[in-house]
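Trainee: Take this structure first; my questions come after.
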Amino acid sequence: MDLKPTESELEILQVIWKKGQCSVRDVHEELSKNKDSGYTTTLKLMQIMHEKGLVERDTNAKTHLYKAVITREQAQQGALDKIISTVFKGSTSDLVIQALGQHRASKDEIDAIKNFLDQFEDRD
């Protein structure tokens, strides 16, 4: 599945992933807490997302309910692939070095990273 949600679509997906199934009103109310956006804009974006196959729409009830087709992990993988190939010219090490250099990682995060890297060393 090669679906690449836009930034606005990702904001909508974040709400749907958090809540499960949502109406347009549910999504709009959640987004309105942090950003000024019209209901019709949210509606149009969700219609486009349905056409793109990012969400499914249940039309059995009067209020249509939307649920995500793409998982959070699929969206993360797609975004990461794009960043690595375009911004970092394919270098995963440059990405990791930049991320750790710019954002302070907690001890737990560093331990998780070390454990993950240890898995690769154990394969040799």
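Scheme for the structure tokens: letters A, B, ... for chains in order shown; per-chain residue numbers from 1; ligand numbers from 1 in order shown.
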So which residues touch segment 56-59 of chain A within 10 Å, counting only C-alpha atoms, skipping near sequence neighbours fewer than 2 positions away, as a VMD selection string?
Mentor: chain A and resid 21 to 23 46 to 47 49 to 54 61 to 70
Trainee: Can you pull out every residue within 12 Å of segment 32-38 of chain A, counting only C-alpha atoms, but drop anything in the same chain fewer than 6 positions away, and send it as a list of chain:residue names?
Mentor: A:Ser8, A:Glu11, A:Ile12, A:Val15, A:Val24, A:Arg25, A:Asp26, A:Lys44, A:Leu45
Trainee: List the neighbours of segment 76-87 of chain A out to 10 Å using only C-alpha atoms; skip same-chain residues closer than 2 positions along the sequence, and give me the result as a list in words.
Mentor: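 In the requested form, the answer reads Met1, Asp2, Leu3, Lys4, Pro5, Thr6, Leu10, Thr71, Arg72, Glu73, Gln74, Lys89, Gly90, Ser91, Thr92, Ser93, Asp94 and Leu95 of chain A.
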Trainee: Write a file of the selected residues as a PDB file, in the first residue's frame, keeping C-alpha atoms.
Mentor:
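Once everything was written out, this is result14.pdb:
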ATOM      1  CA  MET A   1       0.000   0.000   0.000  1.00  0.00           C
ATOM      2  CA  ASP A   2       1.652   3.224  -1.154  1.00  0.00           C
ATOM      3  CA  LEU A   3      -0.580   5.829   0.489  1.00  0.00           C
ATOM      4  CA  LYS A   4       1.057   9.116   1.375  1.00  0.00           C
ATOM      5  CA  PRO A   5      -1.160  11.261   3.582  1.00  0.00           C
ATOM      6  CA  THR A   6      -0.643  15.023   3.574  1.00  0.00           C
ATOM      7  CA  LEU A  10      -2.186  13.017   9.142  1.00  0.00           C
ATOM      8  CA  THR A  71      -2.206   2.131  10.323  1.00  0.00           C
ATOM      9  CA  ARG A  72      -0.091   4.534  12.318  1.00  0.00           C
ATOM     10  CA  GLU A  73       2.910   2.301  11.585  1.00  0.00           C
ATOM     11  CA  GLN A  74       2.277   2.392   7.822  1.00  0.00           C
ATOM     12  CA  LYS A  89      19.841  11.044   0.450  1.00  0.00           C
ATOM     13  CA  GLY A  90      19.281   7.482   1.657  1.00  0.00           C
ATOM     14  CA  SER A  91      21.511   7.678   4.750  1.00  0.00           C
ATOM     15  CA  THR A  92      19.807   6.228   7.820  1.00  0.00           C
ATOM     16  CA  SER A  93      22.866   6.999   9.951  1.00  0.00           C
ATOM     17  CA  ASP A  94      22.626  10.706   9.057  1.00  0.00           C
ATOM     18  CA  LEU A  95      18.964  10.642  10.074  1.00  0.00           C
TER      19      LEU A  95
END
Trainee: Among chain A, which residues carry a DSSP assignment of helix (DSSP H, G or I), reported as a PyMOL selection string?
Mentor: chain A and resi 7-19+24-32+39-52+72-86+92-102+107-122
Trainee: Apply DSSP to the backbone of this structure and, from segment 4-124 of chain A, keep only the residues in strand (DSSP E or B); write these as a VMD selection string.
Mentor: chain A and resid 22 55 to 58 65 to 68
